[in-house]
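K.L.:
work08.csv (CSV, N, CA and C atoms) pasted underneath:
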```csv
chain,number,residue,atom,x,y,z
D,1,MET,N,7.6,66.4,-31.1
D,1,MET,CA,7.8,67.9,-31.1
D,1,MET,C,6.5,68.6,-31.2
D,2,ALA,N,6.3,69.7,-30.5
D,2,ALA,CA,5.1,70.4,-30.4
D,2,ALA,C,4.8,71.0,-31.8
D,3,GLU,N,3.5,71.1,-32.1
D,3,GLU,CA,3.0,71.7,-33.4
D,3,GLU,C,2.1,72.9,-33.1
D,4,VAL,N,2.3,73.9,-34.0
D,4,VAL,CA,1.5,75.1,-34.0
D,4,VAL,C,0.4,74.9,-35.0
D,5,LEU,N,-0.9,75.0,-34.6
D,5,LEU,CA,-2.0,75.0,-35.5
D,5,LEU,C,-2.5,76.4,-35.8
D,6,SER,N,-2.7,76.7,-37.0
D,6,SER,CA,-3.3,77.9,-37.5
D,6,SER,C,-4.6,77.6,-38.2
D,7,MET,N,-5.7,78.2,-37.8
D,7,MET,CA,-7.0,77.9,-38.3
D,7,MET,C,-7.7,79.2,-38.7
D,8,ARG,N,-8.4,79.1,-39.8
D,8,ARG,CA,-9.4,80.2,-40.2
D,8,ARG,C,-10.6,79.4,-40.7
D,9,TRP,N,-11.8,79.8,-40.0
D,9,TRP,CA,-13.0,79.1,-40.3
D,9,TRP,C,-14.1,80.1,-40.7
D,10,THR,N,-14.3,80.3,-42.0
D,10,THR,CA,-15.3,81.2,-42.5
D,10,THR,C,-16.7,80.9,-42.0
D,11,GLY,N,-17.4,81.9,-41.6
D,11,GLY,CA,-18.8,81.7,-41.2
D,11,GLY,C,-19.1,81.4,-39.7
D,12,VAL,N,-18.0,81.1,-39.0
D,12,VAL,CA,-18.1,80.9,-37.5
D,12,VAL,C,-18.2,82.2,-36.8
D,13,THR,N,-19.3,82.3,-36.0
D,13,THR,CA,-19.5,83.5,-35.2
D,13,THR,C,-19.1,83.3,-33.7
D,14,PRO,N,-19.0,84.5,-33.0
D,14,PRO,CA,-18.7,84.3,-31.6
D,14,PRO,C,-19.8,83.4,-30.9
D,15,GLU,N,-21.0,83.5,-31.3
D,15,GLU,CA,-22.0,82.6,-30.7
D,15,GLU,C,-21.8,81.1,-30.9
D,16,HIS,N,-21.4,80.8,-32.2
D,16,HIS,CA,-21.0,79.4,-32.5
D,16,HIS,C,-19.8,79.0,-31.6
D,17,TYR,N,-18.8,79.8,-31.5
D,17,TYR,CA,-17.6,79.5,-30.7
D,17,TYR,C,-18.0,79.3,-29.3
D,18,ASP,N,-18.7,80.2,-28.7
D,18,ASP,CA,-19.1,80.1,-27.3
D,18,ASP,C,-19.9,78.8,-27.0
D,19,ALA,N,-20.9,78.5,-27.8
D,19,ALA,CA,-21.7,77.4,-27.7
D,19,ALA,C,-20.9,76.1,-27.7
D,20,THR,N,-19.9,76.1,-28.7
D,20,THR,CA,-19.1,74.9,-28.8
D,20,THR,C,-18.1,74.7,-27.6
D,21,ARG,N,-17.6,75.8,-27.2
D,21,ARG,CA,-16.7,75.8,-26.0
D,21,ARG,C,-17.4,75.3,-24.8
D,22,VAL,N,-18.6,75.7,-24.5
D,22,VAL,CA,-19.4,75.2,-23.4
D,22,VAL,C,-19.7,73.7,-23.6
D,23,ALA,N,-20.1,73.3,-24.7
D,23,ALA,CA,-20.4,71.9,-25.0
D,23,ALA,C,-19.2,71.0,-24.8
D,24,VAL,N,-18.0,71.5,-25.2
D,24,VAL,CA,-16.8,70.7,-25.1
D,24,VAL,C,-16.4,70.6,-23.6
D,25,GLY,N,-16.7,71.6,-22.8
D,25,GLY,CA,-16.3,71.6,-21.4
D,25,GLY,C,-14.9,71.9,-21.2
D,26,TRP,N,-14.3,72.8,-21.9
D,26,TRP,CA,-12.8,73.1,-21.8
D,26,TRP,C,-12.4,73.5,-20.4
D,27,LYS,N,-13.3,74.3,-19.7
D,27,LYS,CA,-12.9,74.7,-18.3
D,27,LYS,C,-13.0,73.6,-17.3
D,28,GLU,N,-14.0,72.6,-17.6
D,28,GLU,CA,-14.1,71.5,-16.7
D,28,GLU,C,-13.1,70.4,-16.9
D,29,ARG,N,-12.7,70.2,-18.1
D,29,ARG,CA,-11.8,69.1,-18.5
D,29,ARG,C,-10.9,69.6,-19.6
D,30,ASP,N,-9.7,70.0,-19.2
D,30,ASP,CA,-8.7,70.5,-20.2
D,30,ASP,C,-8.5,69.5,-21.3
D,31,PRO,N,-8.4,70.1,-22.5
D,31,PRO,CA,-8.1,69.2,-23.7
D,31,PRO,C,-6.7,68.6,-23.4
D,32,GLU,N,-6.6,67.2,-23.5
D,32,GLU,CA,-5.4,66.6,-23.3
D,32,GLU,C,-4.4,66.9,-24.4
D,33,ASP,N,-3.1,67.3,-24.0
D,33,ASP,CA,-2.1,67.6,-24.9
D,33,ASP,C,-2.2,69.0,-25.6
D,34,ALA,N,-3.1,69.8,-25.1
D,34,ALA,CA,-3.2,71.2,-25.6
D,34,ALA,C,-2.3,72.0,-24.8
D,35,LEU,N,-1.5,72.8,-25.4
D,35,LEU,CA,-0.6,73.7,-24.6
D,35,LEU,C,-1.0,75.2,-24.6
D,36,LEU,N,-1.7,75.6,-25.7
D,36,LEU,CA,-2.1,77.0,-25.8
D,36,LEU,C,-3.2,77.1,-26.8
D,37,HIS,N,-4.2,78.0,-26.5
D,37,HIS,CA,-5.3,78.3,-27.4
D,37,HIS,C,-5.5,79.8,-27.4
D,38,VAL,N,-5.6,80.4,-28.6
D,38,VAL,CA,-5.9,81.8,-28.7
D,38,VAL,C,-6.9,81.9,-29.8
D,39,ALA,N,-8.0,82.6,-29.6
D,39,ALA,CA,-9.0,82.7,-30.6
D,39,ALA,C,-9.4,84.2,-30.8
D,40,TRP,N,-9.8,84.6,-32.0
D,40,TRP,CA,-10.3,85.9,-32.3
D,40,TRP,C,-11.1,85.9,-33.5
D,41,PHE,N,-11.8,87.0,-33.8
D,41,PHE,CA,-12.7,87.0,-35.0
D,41,PHE,C,-12.4,88.1,-36.0
D,42,GLU,N,-12.4,87.7,-37.2
D,42,GLU,CA,-12.4,88.7,-38.3
D,42,GLU,C,-13.9,88.9,-38.6
D,43,PRO,N,-14.2,89.9,-39.5
D,43,PRO,CA,-15.6,90.1,-39.8
D,43,PRO,C,-16.4,88.9,-40.3
D,44,ASP,N,-15.7,88.0,-41.0
D,44,ASP,CA,-16.4,86.8,-41.5
D,44,ASP,C,-15.9,85.5,-41.1
D,45,ALA,N,-15.0,85.4,-40.1
D,45,ALA,CA,-14.4,84.1,-39.8
D,45,ALA,C,-13.8,84.1,-38.3
D,46,LEU,N,-13.7,82.9,-37.8
D,46,LEU,CA,-13.0,82.6,-36.6
D,46,LEU,C,-11.6,82.4,-36.9
D,47,ARG,N,-10.6,82.9,-36.2
D,47,ARG,CA,-9.2,82.6,-36.3
D,47,ARG,C,-8.7,82.0,-35.0
D,48,VAL,N,-7.9,81.0,-35.1
D,48,VAL,CA,-7.4,80.3,-33.9
D,48,VAL,C,-5.9,80.0,-34.2
D,49,VAL,N,-5.1,80.1,-33.1
D,49,VAL,CA,-3.7,79.6,-33.1
D,49,VAL,C,-3.7,78.8,-31.8
D,50,ASP,N,-3.3,77.5,-32.0
D,50,ASP,CA,-3.1,76.6,-30.9
D,50,ASP,C,-1.7,76.1,-30.9
D,51,VAL,N,-1.2,75.6,-29.8
D,51,VAL,CA,0.0,74.8,-29.7
D,51,VAL,C,-0.4,73.5,-29.0
D,52,TRP,N,-0.1,72.4,-29.7
D,52,TRP,CA,-0.4,71.0,-29.3
D,52,TRP,C,0.9,70.2,-29.2
D,53,THR,N,0.9,69.2,-28.4
D,53,THR,CA,2.1,68.4,-28.3
D,53,THR,C,2.4,67.7,-29.6
D,54,SER,N,1.3,67.5,-30.4
D,54,SER,CA,1.5,66.9,-31.7
D,54,SER,C,0.3,67.1,-32.6
D,55,ARG,N,0.4,67.0,-33.9
D,55,ARG,CA,-0.7,67.1,-34.8
D,55,ARG,C,-1.7,66.0,-34.4
D,56,ALA,N,-1.2,64.8,-34.2
D,56,ALA,CA,-2.1,63.7,-33.8
D,56,ALA,C,-3.0,64.0,-32.6
D,57,ALA,N,-2.4,64.7,-31.6
D,57,ALA,CA,-3.2,65.1,-30.4
D,57,ALA,C,-4.3,66.0,-30.7
D,58,PHE,N,-4.1,66.9,-31.6
D,58,PHE,CA,-5.2,67.8,-32.0
D,58,PHE,C,-6.3,67.0,-32.8
D,59,GLU,N,-5.8,66.1,-33.7
D,59,GLU,CA,-6.8,65.3,-34.5
D,59,GLU,C,-7.6,64.4,-33.6
D,60,ARG,N,-7.0,63.9,-32.6
D,60,ARG,CA,-7.7,63.0,-31.6
D,60,ARG,C,-8.8,63.9,-30.9
D,61,PHE,N,-8.4,65.0,-30.4
D,61,PHE,CA,-9.3,65.9,-29.7
D,61,PHE,C,-10.4,66.3,-30.6
D,62,PHE,N,-10.2,66.6,-31.8
D,62,PHE,CA,-11.2,67.0,-32.7
D,62,PHE,C,-12.2,65.9,-32.9
D,63,ALA,N,-11.7,64.7,-33.2
D,63,ALA,CA,-12.6,63.5,-33.4
D,63,ALA,C,-13.4,63.1,-32.2
D,64,GLU,N,-12.7,63.2,-31.0
D,64,GLU,CA,-13.4,62.6,-29.8
D,64,GLU,C,-14.2,63.7,-29.0
D,65,ARG,N,-13.9,65.0,-29.1
D,65,ARG,CA,-14.6,65.9,-28.3
D,65,ARG,C,-15.1,67.1,-29.0
D,66,LEU,N,-14.6,67.5,-30.2
D,66,LEU,CA,-15.0,68.7,-30.8
D,66,LEU,C,-15.9,68.6,-32.0
D,67,ALA,N,-15.8,67.5,-32.7
D,67,ALA,CA,-16.6,67.3,-33.9
D,67,ALA,C,-18.1,67.4,-33.7
D,68,ALA,N,-18.6,66.7,-32.7
D,68,ALA,CA,-20.1,66.6,-32.4
D,68,ALA,C,-20.6,68.0,-31.9
D,69,PRO,N,-19.9,68.7,-31.0
D,69,PRO,CA,-20.4,70.0,-30.6
D,69,PRO,C,-20.3,71.0,-31.8
D,70,VAL,N,-19.4,70.9,-32.7
D,70,VAL,CA,-19.3,71.8,-33.8
D,70,VAL,C,-20.6,71.6,-34.7
D,71,GLN,N,-20.9,70.4,-34.9
D,71,GLN,CA,-22.1,70.1,-35.7
D,71,GLN,C,-23.4,70.6,-35.0
D,72,GLU,N,-23.5,70.3,-33.7
D,72,GLU,CA,-24.6,70.7,-32.9
D,72,GLU,C,-24.8,72.3,-32.9
D,73,ALA,N,-23.7,73.0,-32.9
D,73,ALA,CA,-23.7,74.5,-32.9
D,73,ALA,C,-24.2,75.0,-34.3
D,74,GLY,N,-24.3,74.2,-35.3
D,74,GLY,CA,-24.7,74.6,-36.6
D,74,GLY,C,-23.5,75.1,-37.4
D,75,ILE,N,-22.3,74.8,-37.1
D,75,ILE,CA,-21.2,75.3,-37.8
D,75,ILE,C,-21.1,74.4,-39.1
D,76,THR,N,-20.9,75.1,-40.2
D,76,THR,CA,-20.8,74.4,-41.5
D,76,THR,C,-19.5,74.7,-42.2
D,77,GLY,N,-19.2,74.0,-43.3
D,77,GLY,CA,-18.0,74.2,-44.0
D,77,GLY,C,-16.8,73.6,-43.3
D,78,GLU,N,-15.7,73.8,-43.9
D,78,GLU,CA,-14.4,73.2,-43.4
D,78,GLU,C,-13.5,74.3,-43.1
D,79,PRO,N,-12.7,74.2,-42.0
D,79,PRO,CA,-11.7,75.2,-41.7
D,79,PRO,C,-10.5,75.1,-42.6
D,80,GLU,N,-9.8,76.2,-42.8
D,80,GLU,CA,-8.5,76.2,-43.4
D,80,GLU,C,-7.5,75.9,-42.2
D,81,ILE,N,-6.8,74.8,-42.3
D,81,ILE,CA,-5.9,74.5,-41.1
D,81,ILE,C,-4.5,74.3,-41.7
D,82,GLY,N,-3.5,74.8,-40.9
D,82,GLY,CA,-2.1,74.5,-41.2
D,82,GLY,C,-1.4,74.1,-39.9
D,83,PHE,N,-0.4,73.3,-40.0
D,83,PHE,CA,0.4,72.8,-38.9
D,83,PHE,C,1.9,73.1,-39.2
D,84,ARG,N,2.6,73.6,-38.2
D,84,ARG,CA,4.0,73.8,-38.4
D,84,ARG,C,4.7,73.5,-37.1
D,85,PRO,N,5.9,72.9,-37.1
D,85,PRO,CA,6.6,72.6,-35.9
D,85,PRO,C,6.9,73.9,-35.1
D,86,LEU,N,6.7,73.8,-33.8
D,86,LEU,CA,7.0,74.9,-32.9
D,86,LEU,C,8.6,75.1,-32.8
D,87,HIS,N,9.0,76.3,-33.0
D,87,HIS,CA,10.5,76.6,-32.9
D,87,HIS,C,10.8,77.0,-31.5
D,88,ARG,N,10.0,78.0,-31.0
D,88,ARG,CA,10.2,78.5,-29.7
D,88,ARG,C,9.0,79.1,-29.2
D,89,ARG,N,8.8,79.1,-27.8
D,89,ARG,CA,7.7,79.8,-27.3
D,89,ARG,C,8.2,80.7,-26.1
D,90,TYR,N,7.4,81.7,-25.8
D,90,TYR,CA,7.7,82.6,-24.7
D,90,TYR,C,6.4,83.0,-24.0
D,91,ILE,N,6.4,82.8,-22.7
D,91,ILE,CA,5.2,83.2,-22.0
D,91,ILE,C,5.7,84.3,-21.0
D,92,ALA,N,5.1,85.4,-21.0
D,92,ALA,CA,5.5,86.5,-20.2
D,92,ALA,C,5.3,86.2,-18.7
D,93,PRO,N,6.3,86.7,-17.9
D,93,PRO,CA,6.1,86.4,-16.4
D,93,PRO,C,4.8,86.9,-15.9
D,94,GLY,N,4.2,86.1,-15.1
D,94,GLY,CA,2.9,86.5,-14.5
D,94,GLY,C,1.7,86.1,-15.3
D,95,VAL,N,1.9,85.6,-16.5
D,95,VAL,CA,0.8,85.2,-17.3
D,95,VAL,C,0.4,83.8,-17.1
D,96,SER,N,-0.8,83.5,-16.8
D,96,SER,CA,-1.3,82.1,-16.5
D,96,SER,C,-2.8,82.1,-16.7
D,97,GLY,N,-3.3,80.9,-16.9
D,97,GLY,CA,-4.8,80.7,-16.9
D,97,GLY,C,-5.4,81.3,-18.1
D,98,ALA,N,-6.8,81.3,-18.1
D,98,ALA,CA,-7.6,81.7,-19.2
D,98,ALA,C,-8.0,83.2,-19.0
D,99,ALA,N,-8.3,83.8,-20.2
D,99,ALA,CA,-8.8,85.2,-20.1
D,99,ALA,C,-10.1,85.2,-20.7
```
Written as structure tokens, that's how I'd like the structure from this file.

P.N.:
Amino acid sequence: MAEVLSMRWTGVTPEHYDATRVAVGWKERDPEDALLHVAWFEPDALRVVDVWTSRAAFERFFAERLAAPVQEAGITGEPEIGFRPLHRRYIAPGVSGAA
């Protein structure tokens, strides 16, 4: 069953996020088993909502592709993360790709 990831990571800036995204190579190689990624910023934190095929899929992606770039970008601390089973999703007609 798909899982919804909700994350808040205090101290992460848009510059941290962009450097990490480039290092991970999301556009060149899609994260396996990722279904949706949405990110935005509060004054003091990064917020993310993802949908993954499973919690294990996210944990594998973090360990194999994300952890090292996070460290290289100078991101410190630990994110607040929660997982919940996906009940339903809706994607508006005509919406596709990255923004």

K.L.:
Run DSSP on the backbone and give me the residues of chain D it puts in strand (DSSP E or B), as an MDAnalysis selection string.

P.N.:
chainID D and resid 3:10 34:42 45:52 80:85

K.L.:
For the residues selected in the previous step, produce a file with N, CA and C atoms as a PDB file, keeping the file's coordinate frame.

P.N.:
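Everything below was put into selection01.pdb:
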```pdb
ATOM      1  N   GLU D   3       3.500  71.100 -32.100  1.00  0.00           N
ATOM      2  CA  GLU D   3       3.000  71.700 -33.400  1.00  0.00           C
ATOM      3  C   GLU D   3       2.100  72.900 -33.100  1.00  0.00           C
ATOM      4  N   VAL D   4       2.300  73.900 -34.000  1.00  0.00           N
ATOM      5  CA  VAL D   4       1.500  75.100 -34.000  1.00  0.00           C
ATOM      6  C   VAL D   4       0.400  74.900 -35.000  1.00  0.00           C
ATOM      7  N   LEU D   5      -0.900  75.000 -34.600  1.00  0.00           N
ATOM      8  CA  LEU D   5      -2.000  75.000 -35.500  1.00  0.00           C
ATOM      9  C   LEU D   5      -2.500  76.400 -35.800  1.00  0.00           C
ATOM     10  N   SER D   6      -2.700  76.700 -37.000  1.00  0.00           N
ATOM     11  CA  SER D   6      -3.300  77.900 -37.500  1.00  0.00           C
ATOM     12  C   SER D   6      -4.600  77.600 -38.200  1.00  0.00           C
ATOM     13  N   MET D   7      -5.700  78.200 -37.800  1.00  0.00           N
ATOM     14  CA  MET D   7      -7.000  77.900 -38.300  1.00  0.00           C
ATOM     15  C   MET D   7      -7.700  79.200 -38.700  1.00  0.00           C
ATOM     16  N   ARG D   8      -8.400  79.100 -39.800  1.00  0.00           N
ATOM     17  CA  ARG D   8      -9.400  80.200 -40.200  1.00  0.00           C
ATOM     18  C   ARG D   8     -10.600  79.400 -40.700  1.00  0.00           C
ATOM     19  N   TRP D   9     -11.800  79.800 -40.000  1.00  0.00           N
ATOM     20  CA  TRP D   9     -13.000  79.100 -40.300  1.00  0.00           C
ATOM     21  C   TRP D   9     -14.100  80.100 -40.700  1.00  0.00           C
ATOM     22  N   THR D  10     -14.300  80.300 -42.000  1.00  0.00           N
ATOM     23  CA  THR D  10     -15.300  81.200 -42.500  1.00  0.00           C
ATOM     24  C   THR D  10     -16.700  80.900 -42.000  1.00  0.00           C
ATOM     25  N   ALA D  34      -3.100  69.800 -25.100  1.00  0.00           N
ATOM     26  CA  ALA D  34      -3.200  71.200 -25.600  1.00  0.00           C
ATOM     27  C   ALA D  34      -2.300  72.000 -24.800  1.00  0.00           C
ATOM     28  N   LEU D  35      -1.500  72.800 -25.400  1.00  0.00           N
ATOM     29  CA  LEU D  35      -0.600  73.700 -24.600  1.00  0.00           C
ATOM     30  C   LEU D  35      -1.000  75.200 -24.600  1.00  0.00           C
ATOM     31  N   LEU D  36      -1.700  75.600 -25.700  1.00  0.00           N
ATOM     32  CA  LEU D  36      -2.100  77.000 -25.800  1.00  0.00           C
ATOM     33  C   LEU D  36      -3.200  77.100 -26.800  1.00  0.00           C
ATOM     34  N   HIS D  37      -4.200  78.000 -26.500  1.00  0.00           N
ATOM     35  CA  HIS D  37      -5.300  78.300 -27.400  1.00  0.00           C
ATOM     36  C   HIS D  37      -5.500  79.800 -27.400  1.00  0.00           C
ATOM     37  N   VAL D  38      -5.600  80.400 -28.600  1.00  0.00           N
ATOM     38  CA  VAL D  38      -5.900  81.800 -28.700  1.00  0.00           C
ATOM     39  C   VAL D  38      -6.900  81.900 -29.800  1.00  0.00           C
ATOM     40  N   ALA D  39      -8.000  82.600 -29.600  1.00  0.00           N
ATOM     41  CA  ALA D  39      -9.000  82.700 -30.600  1.00  0.00           C
ATOM     42  C   ALA D  39      -9.400  84.200 -30.800  1.00  0.00           C
ATOM     43  N   TRP D  40      -9.800  84.600 -32.000  1.00  0.00           N
ATOM     44  CA  TRP D  40     -10.300  85.900 -32.300  1.00  0.00           C
ATOM     45  C   TRP D  40     -11.100  85.900 -33.500  1.00  0.00           C
ATOM     46  N   PHE D  41     -11.800  87.000 -33.800  1.00  0.00           N
ATOM     47  CA  PHE D  41     -12.700  87.000 -35.000  1.00  0.00           C
ATOM     48  C   PHE D  41     -12.400  88.100 -36.000  1.00  0.00           C
ATOM     49  N   GLU D  42     -12.400  87.700 -37.200  1.00  0.00           N
ATOM     50  CA  GLU D  42     -12.400  88.700 -38.300  1.00  0.00           C
ATOM     51  C   GLU D  42     -13.900  88.900 -38.600  1.00  0.00           C
ATOM     52  N   ALA D  45     -15.000  85.400 -40.100  1.00  0.00           N
ATOM     53  CA  ALA D  45     -14.400  84.100 -39.800  1.00  0.00           C
ATOM     54  C   ALA D  45     -13.800  84.100 -38.300  1.00  0.00           C
ATOM     55  N   LEU D  46     -13.700  82.900 -37.800  1.00  0.00           N
ATOM     56  CA  LEU D  46     -13.000  82.600 -36.600  1.00  0.00           C
ATOM     57  C   LEU D  46     -11.600  82.400 -36.900  1.00  0.00           C
ATOM     58  N   ARG D  47     -10.600  82.900 -36.200  1.00  0.00           N
ATOM     59  CA  ARG D  47      -9.200  82.600 -36.300  1.00  0.00           C
ATOM     60  C   ARG D  47      -8.700  82.000 -35.000  1.00  0.00           C
ATOM     61  N   VAL D  48      -7.900  81.000 -35.100  1.00  0.00           N
ATOM     62  CA  VAL D  48      -7.400  80.300 -33.900  1.00  0.00           C
ATOM     63  C   VAL D  48      -5.900  80.000 -34.200  1.00  0.00           C
ATOM     64  N   VAL D  49      -5.100  80.100 -33.100  1.00  0.00           N
ATOM     65  CA  VAL D  49      -3.700  79.600 -33.100  1.00  0.00           C
ATOM     66  C   VAL D  49      -3.700  78.800 -31.800  1.00  0.00           C
ATOM     67  N   ASP D  50      -3.300  77.500 -32.000  1.00  0.00           N
ATOM     68  CA  ASP D  50      -3.100  76.600 -30.900  1.00  0.00           C
ATOM     69  C   ASP D  50      -1.700  76.100 -30.900  1.00  0.00           C
ATOM     70  N   VAL D  51      -1.200  75.600 -29.800  1.00  0.00           N
ATOM     71  CA  VAL D  51       0.000  74.800 -29.700  1.00  0.00           C
ATOM     72  C   VAL D  51      -0.400  73.500 -29.000  1.00  0.00           C
ATOM     73  N   TRP D  52      -0.100  72.400 -29.700  1.00  0.00           N
ATOM     74  CA  TRP D  52      -0.400  71.000 -29.300  1.00  0.00           C
ATOM     75  C   TRP D  52       0.900  70.200 -29.200  1.00  0.00           C
ATOM     76  N   GLU D  80      -9.800  76.200 -42.800  1.00  0.00           N
ATOM     77  CA  GLU D  80      -8.500  76.200 -43.400  1.00  0.00           C
ATOM     78  C   GLU D  80      -7.500  75.900 -42.200  1.00  0.00           C
ATOM     79  N   ILE D  81      -6.800  74.800 -42.300  1.00  0.00           N
ATOM     80  CA  ILE D  81      -5.900  74.500 -41.100  1.00  0.00           C
ATOM     81  C   ILE D  81      -4.500  74.300 -41.700  1.00  0.00           C
ATOM     82  N   GLY D  82      -3.500  74.800 -40.900  1.00  0.00           N
ATOM     83  CA  GLY D  82      -2.100  74.500 -41.200  1.00  0.00           C
ATOM     84  C   GLY D  82      -1.400  74.100 -39.900  1.00  0.00           C
ATOM     85  N   PHE D  83      -0.400  73.300 -40.000  1.00  0.00           N
ATOM     86  CA  PHE D  83       0.400  72.800 -38.900  1.00  0.00           C
ATOM     87  C   PHE D  83       1.900  73.100 -39.200  1.00  0.00           C
ATOM     88  N   ARG D  84       2.600  73.600 -38.200  1.00  0.00           N
ATOM     89  CA  ARG D  84       4.000  73.800 -38.400  1.00  0.00           C
ATOM     90  C   ARG D  84       4.700  73.500 -37.100  1.00  0.00           C
ATOM     91  N   PRO D  85       5.900  72.900 -37.100  1.00  0.00           N
ATOM     92  CA  PRO D  85       6.600  72.600 -35.900  1.00  0.00           C
ATOM     93  C   PRO D  85       6.900  73.900 -35.100  1.00  0.00           C
TER      94      PRO D  85
END
```

K.L.:
Write out as a count of residues only the residues lying within 7 Å of segment 1-7 of chain D, counting only C-alpha atoms and excluding same-chain residues fewer than 4 positions away.

P.N.:
17

K.L.:
As an exercise, work out the distance from atom C of Leu66 of chain D to atom C of Glu42 of chain D in Å and give it to one decimal place.

P.N.:
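Answer for the atom C of Leu66 of chain D to atom C of Glu42 of chain D separation: 21.4 Å.
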
K.L.:
Could you please determine the separation between atom C of His37 of chain D and atom CA of Ile91 of chain D in Å, to one decimal place?

P.N.:
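Those two atoms sit 12.5 Å apart.
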
K.L.:
Atom N of Gly97 of chain D and atom CA of Leu36 of chain D are how many Å apart?

P.N.:
9.8 Å

K.L.:
Please identify which residues in segment 21-52 of chain D DSSP calls helix (DSSP H, G or I) from the backbone, and express them as a list in words.

P.N.:
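Restricting segment 21-52 of chain D to helix (DSSP H, G or I) produces Arg21, Val22, Ala23 and Val24 of chain D.
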
K.L.:
Calculated over only C-alpha atoms, which of the candidates D:Leu35, D:Ala63, D:Val70, D:Ala56 has the smallest distance to Arg89 of chain D?

P.N.:
D:Leu35

K.L.:
Of the candidates D:Thr13, D:Ala23, D:Ala39, D:Arg8, which shows the shortest atom-to-atom distance to Glu72 of chain D, using only C-alpha atoms?

P.N.:
D:Ala23
